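Chemist: PDB, C-alpha atoms, saved as upload19.pdb, coming up:
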```
MODEL        1
ATOM      1  CA  MET A   1      -1.492  43.600 -19.138
ATOM      2  CA  LEU A   2      -3.538  40.980 -20.981
ATOM      3  CA  LEU A   3      -0.400  38.899 -21.611
ATOM      4  CA  LYS A   4       0.456  38.929 -17.874
ATOM      5  CA  SER A   5      -3.026  37.707 -16.897
ATOM      6  CA  PHE A   6      -2.973  35.099 -19.647
ATOM      7  CA  SER A   7       0.444  33.764 -18.584
ATOM      8  CA  LYS A   8      -0.642  33.591 -14.914
ATOM      9  CA  LEU A   9      -3.687  31.601 -15.971
ATOM     10  CA  LEU A  10      -1.533  29.180 -17.974
ATOM     11  CA  VAL A  11       0.942  28.732 -15.134
ATOM     12  CA  GLY A  12      -1.928  28.062 -12.713
ATOM     13  CA  LEU A  13      -3.533  25.543 -15.065
ATOM     14  CA  SER A  14      -0.231  23.748 -15.698
ATOM     15  CA  PHE A  15       0.326  23.422 -11.926
ATOM     16  CA  LEU A  16      -3.165  21.986 -11.490
ATOM     17  CA  VAL A  17      -2.659  19.441 -14.269
ATOM     18  CA  SER A  18       0.815  18.488 -12.994
ATOM     19  CA  ALA A  19      -0.375  18.060  -9.406
ATOM     20  CA  SER A  20      -3.180  15.730 -10.486
ATOM     21  CA  ALA A  21      -0.656  13.402 -12.173
ATOM     22  CA  PHE A  22       0.868  12.299  -8.829
ATOM     23  CA  ALA A  23      -0.296   9.125  -7.053
ATOM     24  CA  ILE A  24      -2.680   9.343  -4.113
ATOM     25  CA  PRO A  25      -2.169   7.115  -1.043
ATOM     26  CA  THR A  26      -4.883   4.499  -0.683
ATOM     27  CA  THR A  27      -5.956   1.906   1.848
ATOM     28  CA  VAL A  28      -6.500  -1.702   0.851
ATOM     29  CA  THR A  29      -8.915  -3.615   3.082
ATOM     30  CA  VAL A  30      -8.359  -7.344   3.586
ATOM     31  CA  ASP A  31     -11.198  -9.228   5.297
ATOM     32  CA  LEU A  32     -10.469 -12.634   6.791
ATOM     33  CA  GLU A  33     -12.562 -15.417   8.248
ATOM     34  CA  THR A  34     -11.714 -18.834   9.704
ATOM     35  CA  ILE A  35      -8.027 -19.022   8.806
ATOM     36  CA  PRO A  36      -6.138 -21.735  10.715
ATOM     37  CA  SER A  37      -2.635 -21.183  12.066
ATOM     38  CA  TYR A  38      -0.608 -24.411  11.848
ATOM     39  CA  GLY A  39       3.124 -24.112  12.175
ATOM     40  CA  GLU A  40       6.149 -21.874  12.183
ATOM     41  CA  LEU A  41       6.881 -19.409   9.376
ATOM     42  CA  GLY A  42       7.305 -21.248   6.093
ATOM     43  CA  ASP A  43       5.430 -24.389   7.215
ATOM     44  CA  PHE A  44       3.804 -26.127   4.262
ATOM     45  CA  ASP A  45       0.365 -26.220   5.979
ATOM     46  CA  ASN A  46       0.175 -22.470   6.747
ATOM     47  CA  PHE A  47      -2.419 -20.418   4.904
ATOM     48  CA  VAL A  48      -0.821 -18.093   2.336
ATOM     49  CA  GLY A  49      -2.841 -15.501   0.426
ATOM     50  CA  TYR A  50      -1.988 -12.768  -2.084
ATOM     51  CA  ILE A  51      -3.498  -9.322  -2.708
ATOM     52  CA  ASP A  52      -2.692  -7.215  -5.784
ATOM     53  CA  VAL A  53      -1.804  -3.704  -4.570
ATOM     54  CA  GLY A  54      -0.123  -2.483  -7.764
ATOM     55  CA  ALA A  55       3.346  -2.912  -9.205
ATOM     56  CA  ASN A  56       6.153  -1.128  -7.347
ATOM     57  CA  SER A  57       3.781   0.293  -4.714
ATOM     58  CA  THR A  58       5.042   1.053  -1.206
ATOM     59  CA  ILE A  59       3.404  -0.369   1.925
ATOM     60  CA  THR A  60       3.279   2.509   4.428
ATOM     61  CA  SER A  61       1.034   1.314   7.274
ATOM     62  CA  ILE A  62      -0.818  -1.681   8.652
ATOM     63  CA  GLY A  63      -3.909  -1.575  10.833
ATOM     64  CA  PHE A  64      -5.878  -4.522  12.116
ATOM     65  CA  ASP A  65      -9.028  -5.469  13.988
ATOM     66  CA  VAL A  66      -9.145  -9.249  14.490
ATOM     67  CA  ASN A  67     -10.591 -12.025  16.657
ATOM     68  CA  LEU A  68      -8.306 -15.001  17.417
ATOM     69  CA  THR A  69      -8.567 -18.344  19.182
ATOM     70  CA  ALA A  70      -5.539 -20.280  20.442
ATOM     71  CA  PHE A  71      -6.010 -23.953  21.298
ATOM     72  CA  GLY A  72      -4.202 -25.070  24.469
ATOM     73  CA  PRO A  73      -1.295 -25.425  25.008
ATOM     74  CA  SER A  74      -0.745 -22.670  22.370
ATOM     75  CA  TRP A  75      -0.926 -19.038  23.444
ATOM     76  CA  LEU A  76      -2.695 -16.158  21.736
ATOM     77  CA  SER A  77       0.647 -14.352  21.580
ATOM     78  CA  GLU A  78       1.991 -17.124  19.302
ATOM     79  CA  LEU A  79      -0.424 -16.320  16.443
ATOM     80  CA  ARG A  80       1.410 -14.198  13.889
ATOM     81  CA  VAL A  81       1.092 -12.897  10.343
ATOM     82  CA  ALA A  82       3.834 -12.197   7.815
ATOM     83  CA  ILE A  83       2.967  -9.398   5.381
ATOM     84  CA  GLU A  84       5.599  -9.242   2.679
ATOM     85  CA  ARG A  85       6.535  -9.113  -0.989
ATOM     86  CA  SER A  86       5.749 -12.196  -3.061
ATOM     87  CA  ASP A  87       9.504 -12.857  -3.494
ATOM     88  CA  LEU A  88       9.961 -12.680   0.331
ATOM     89  CA  LEU A  89      12.718 -10.048   0.018
ATOM     90  CA  ALA A  90      10.975  -7.442   2.197
ATOM     91  CA  GLY A  91       8.073  -7.247   4.612
ATOM     92  CA  VAL A  92       7.061  -7.310   8.264
ATOM     93  CA  LEU A  93       6.357 -10.113  10.730
ATOM     94  CA  MET A  94       3.613  -9.073  13.120
ATOM     95  CA  PRO A  95       2.582 -10.420  16.477
ATOM     96  CA  VAL A  96      -1.038  -9.415  16.917
ATOM     97  CA  SER A  97      -1.447  -9.925  20.646
ATOM     98  CA  GLY A  98       0.636  -9.910  23.786
ATOM     99  CA  VAL A  99      -1.610 -12.252  25.785
ATOM    100  CA  SER A 100      -0.127 -15.360  27.381
ATOM    101  CA  GLY A 101      -2.449 -18.345  27.493
ATOM    102  CA  SER A 102      -4.967 -19.987  25.228
ATOM    103  CA  GLY A 103      -8.544 -18.897  24.570
ATOM    104  CA  THR A 104     -10.271 -16.321  22.404
ATOM    105  CA  GLY A 105      -9.599 -12.610  22.203
ATOM    106  CA  SER A 106     -10.147  -9.562  20.020
ATOM    107  CA  PHE A 107      -7.231  -7.304  19.150
ATOM    108  CA  SER A 108      -6.739  -4.107  17.192
ATOM    109  CA  GLY A 109      -3.847  -1.825  16.439
ATOM    110  CA  PHE A 110      -2.069   0.358  13.916
ATOM    111  CA  TYR A 111       1.565   0.475  12.773
ATOM    112  CA  ASP A 112       2.898   3.480  10.846
ATOM    113  CA  LEU A 113       5.626   1.634   8.948
ATOM    114  CA  VAL A 114       7.160   4.861   7.615
ATOM    115  CA  ALA A 115       7.637   6.287  11.122
ATOM    116  CA  LEU A 116       9.044   2.948  12.326
ATOM    117  CA  GLY A 117      11.384   2.676   9.333
ATOM    118  CA  PHE A 118       9.761  -0.575   8.132
ATOM    119  CA  ASP A 119       7.946   0.615   4.987
ATOM    120  CA  PHE A 120       8.772  -1.513   1.967
ATOM    121  CA  GLN A 121       8.221  -1.583  -1.766
ATOM    122  CA  ILE A 122       6.261  -4.272  -3.601
ATOM    123  CA  GLY A 123       7.864  -5.899  -6.639
ATOM    124  CA  ALA A 124       6.906  -5.595 -10.304
ATOM    125  CA  ASP A 125       4.188  -8.264  -9.914
ATOM    126  CA  GLY A 126       2.273  -5.990  -7.496
ATOM    127  CA  LEU A 127       1.473  -8.856  -5.089
ATOM    128  CA  LEU A 128       1.395  -8.517  -1.316
ATOM    129  CA  ARG A 129       1.755 -11.895   0.466
ATOM    130  CA  PHE A 130       0.067 -12.857   3.753
ATOM    131  CA  GLU A 131       1.172 -15.940   5.709
ATOM    132  CA  PHE A 132      -0.660 -16.822   8.926
ATOM    133  CA  TYR A 133       1.666 -18.810  11.207
ATOM    134  CA  GLU A 134       2.703 -19.704  14.772
ATOM    135  CA  SER A 135       5.856 -18.467  16.476
ATOM    136  CA  PHE A 136       6.041 -21.900  18.180
ATOM    137  CA  ASP A 137       4.461 -25.086  16.816
ATOM    138  CA  ASP A 138       3.008 -26.852  19.865
ATOM    139  CA  PHE A 139       1.455 -29.924  18.284
ATOM    140  CA  PHE A 140       0.207 -31.591  15.100
ATOM    141  CA  GLY A 141      -2.693 -29.750  13.458
ATOM    142  CA  ALA A 142      -3.881 -26.187  13.893
ATOM    143  CA  ASP A 143      -2.594 -24.410  16.995
ATOM    144  CA  GLY A 144      -5.084 -21.585  16.578
ATOM    145  CA  ILE A 145      -7.524 -19.886  14.271
ATOM    146  CA  TRP A 146      -8.084 -16.361  12.997
ATOM    147  CA  ASN A 147     -11.876 -16.305  13.528
ATOM    148  CA  PHE A 148     -12.651 -13.071  11.689
ATOM    149  CA  GLY A 149     -11.313  -9.583  11.206
ATOM    150  CA  THR A 150      -9.874  -6.988   8.877
ATOM    151  CA  PHE A 151      -6.436  -5.717   7.915
ATOM    152  CA  TYR A 152      -6.052  -2.157   6.613
ATOM    153  CA  ILE A 153      -2.974  -1.792   4.426
ATOM    154  CA  GLY A 154      -1.731   1.732   3.617
ATOM    155  CA  VAL A 155      -0.406   1.788   0.051
ATOM    156  CA  ASP A 156       1.348   4.527  -1.924
ATOM    157  CA  THR A 157       0.924   3.530  -5.537
ATOM    158  CA  ALA A 158       3.886   3.979  -7.837
ATOM    159  CA  GLU A 159       3.729   6.470 -10.655
ATOM    160  CA  ALA A 160       3.140   5.007 -14.088
ATOM    161  CA  PRO A 161       6.270   4.400 -16.166
ATOM    162  CA  PRO A 162       7.091   7.018 -18.799
ATOM    163  CA  THR A 163       5.344   6.544 -22.125
ATOM    164  CA  ASP A 164       5.690   8.064 -25.584
ATOM    165  CA  VAL A 165       2.524  10.109 -25.075
ATOM    166  CA  PRO A 166       3.273  13.583 -23.631
ATOM    167  CA  GLU A 167       1.940  14.427 -20.193
ATOM    168  CA  PRO A 168      -0.967  16.894 -19.995
ATOM    169  CA  ALA A 169       1.310  19.478 -18.375
ATOM    170  CA  SER A 170       3.758  19.244 -21.299
ATOM    171  CA  ILE A 171       0.952  19.693 -23.814
ATOM    172  CA  LEU A 172      -0.374  22.673 -21.851
ATOM    173  CA  LEU A 173       3.101  24.222 -21.691
ATOM    174  CA  LEU A 174       3.546  23.749 -25.445
ATOM    175  CA  ALA A 175       0.137  25.327 -26.099
ATOM    176  CA  ALA A 176       1.012  28.255 -23.818
ATOM    177  CA  GLY A 177       4.263  28.825 -25.722
ATOM    178  CA  LEU A 178       2.496  28.751 -29.099
ATOM    179  CA  ALA A 179      -0.222  31.102 -27.843
ATOM    180  CA  THR A 180       2.403  33.514 -26.503
ATOM    181  CA  MET A 181       4.304  33.449 -29.815
ATOM    182  CA  ARG A 182       1.108  34.116 -31.749
ATOM    183  CA  TYR A 183       0.169  36.995 -29.416
ATOM    184  CA  ALA A 184       3.657  38.524 -29.758
ATOM    185  CA  GLY A 185       3.524  38.132 -33.558
ATOM    186  CA  ARG A 186       0.144  39.891 -33.797
ATOM    187  CA  ARG A 187       1.348  42.661 -31.525
ATOM    188  CA  ARG A 188       4.434  43.174 -33.680
ATOM    189  CA  ALA A 189       2.332  43.180 -36.857
ATOM    190  CA  ALA A 190      -0.010  45.791 -35.377
ATOM    191  CA  LYS A 191       2.897  48.205 -34.759
TER     192      LYS A 191
ENDMDL
END
```
Kindly present the structure from the file in structure tokens form.
Modeler:
Amino acid sequence: MLLKSFSKLLVGLSFLVSASAFAIPTTVTVDLETIPSYGELGDFDNFVGYIDVGANSTITSIGFDVNLTAFGPSWLSELRVAIERSDLLAGVLMPVSGVSGSGTGSFSGFYDLVALGFDFQIGADGLLRFEFYESFDDFFGADGIWNFGTFYIGVDTAEAPPTDVPEPASILLLAAGLATMRYAGRRRAAK
């Protein structure tokens, strides 16, 4: 009876240790202020920024709460942001508003990239790239400005690569096996 209780305890502890080894989804917050929007995607004058979200992480969602200004003749709906890997091999291009005409407006929204089938994995460098651009370049200079706001990036961090050090669950399993062998040996010796 004691052996059964002891083995249940070890199995329960090994599950607890194993479950804690998995990555937990996190949200990375990116605050922005006074970022001009100059030209079409890839234009040399566009603002490009990088955030380290962890090597081989997966981007699962994007939320935003921003305030934009479009200078006439540009429209608010032309202000866009590209959120992608640093090597430009995967990502999303987001329109933030659907408003025709220039002026200032506040916009918010949320995209579940997993549900939409647009989730993507970051490369080994761990960098997430932001490029603020225009879908149509109306004139020389900034066509608009991202006044202020926040992006909320849902990130599933990748598990750490295997190392030569055993995992806690493996150590616990080894200890359980040794304890069971010792218990069985003592029991046999007592008979």
Chemist: With all atoms listed in the file as the counted atoms, please give the residues lying no more than 8 Å from stretch 100-115 of chain A, apart from itself and same-chain residues fewer than 2 positions off, as JSON, numbers by chain.
Modeler: {"A": [59, 60, 61, 62, 63, 64, 65, 66, 67, 68, 69, 70, 71, 72, 73, 74, 75, 76, 77, 96, 97, 98, 117, 118, 119]}
Chemist: If you measure from atom CA of A:Ala175 to atom CA of A:Lys191, what distance in Å do you get, rounded to one decimal?
Modeler: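 These two atoms are separated by 24.6 Å.
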Chemist: List every protein, DNA or RNA residue that has an atom no more than 12 Å from (5.8, 0.1, -2.4) in the file's coordinate frame, counting all atoms listed in the file, and report them as an NGL selection string.
Modeler: :A and (23 or 25-26 or 52-61 or 84-85 or 90-91 or 113-114 or 118-128 or 153-159)
Chemist: Which is closer to A:Ala82 than all the others in A:Thr150, A:Thr34, A:Ser170, A:Ser135, using only C-alpha atoms?
Modeler: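 Going through A:Thr150, A:Thr34, A:Ser170, A:Ser135 one by one, the smallest distance to A:Ala82 is for A:Ser135.
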Chemist: Residue by residue, what does the PyMOL selection byres ((chain A and resi 42) around 12) grab here? Present the result as a ChimeraX atom specification.
Modeler: /A:37-41,43-48,81-82,88,130-135,137
Chemist: What does the structure give for the distance between atom CA of A:Ser86 and atom CA of A:Val30, in Å to one decimal?
Modeler: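 Here the two named atoms are 16.3 Å from each other.
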Chemist: Provide the atom CA of A:Gly49 to atom CA of A:Phe148 distance in Å, to one decimal place.
Modeler: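 That distance, rounded to one decimal, is 15.1 Å.
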Chemist: Point out the residue among A:Glu167, A:Glu78, A:Asp143, A:Asp138 with the least atom-to-atom distance to A:Pro36, counting all atoms listed in the file.
Modeler: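 Of the candidates, the smallest distance to A:Pro36 is held by A:Asp143.
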Chemist: Using all atoms listed in the file, which of A:Ala184, A:Leu79, A:Leu173, A:Ala190 sits nearest A:Ile35?
Modeler: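 Of the candidates, the smallest distance to A:Ile35 is held by A:Leu79.
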Chemist: Residues picked by the PyMOL selection byres ((chain A and resi 29) around 6) here, as an MDAnalysis selection string?
Modeler: chainID A and resid 28 30 151:152
Chemist: Using only C-alpha atoms, pick whichever of A:Arg129, A:Leu32, A:Arg182, A:Phe136 has the shortest atom-to-atom distance to A:Asp87.
Modeler: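 Between A:Arg129, A:Leu32, A:Arg182, A:Phe136, the residue approaching A:Asp87 most closely is A:Arg129.
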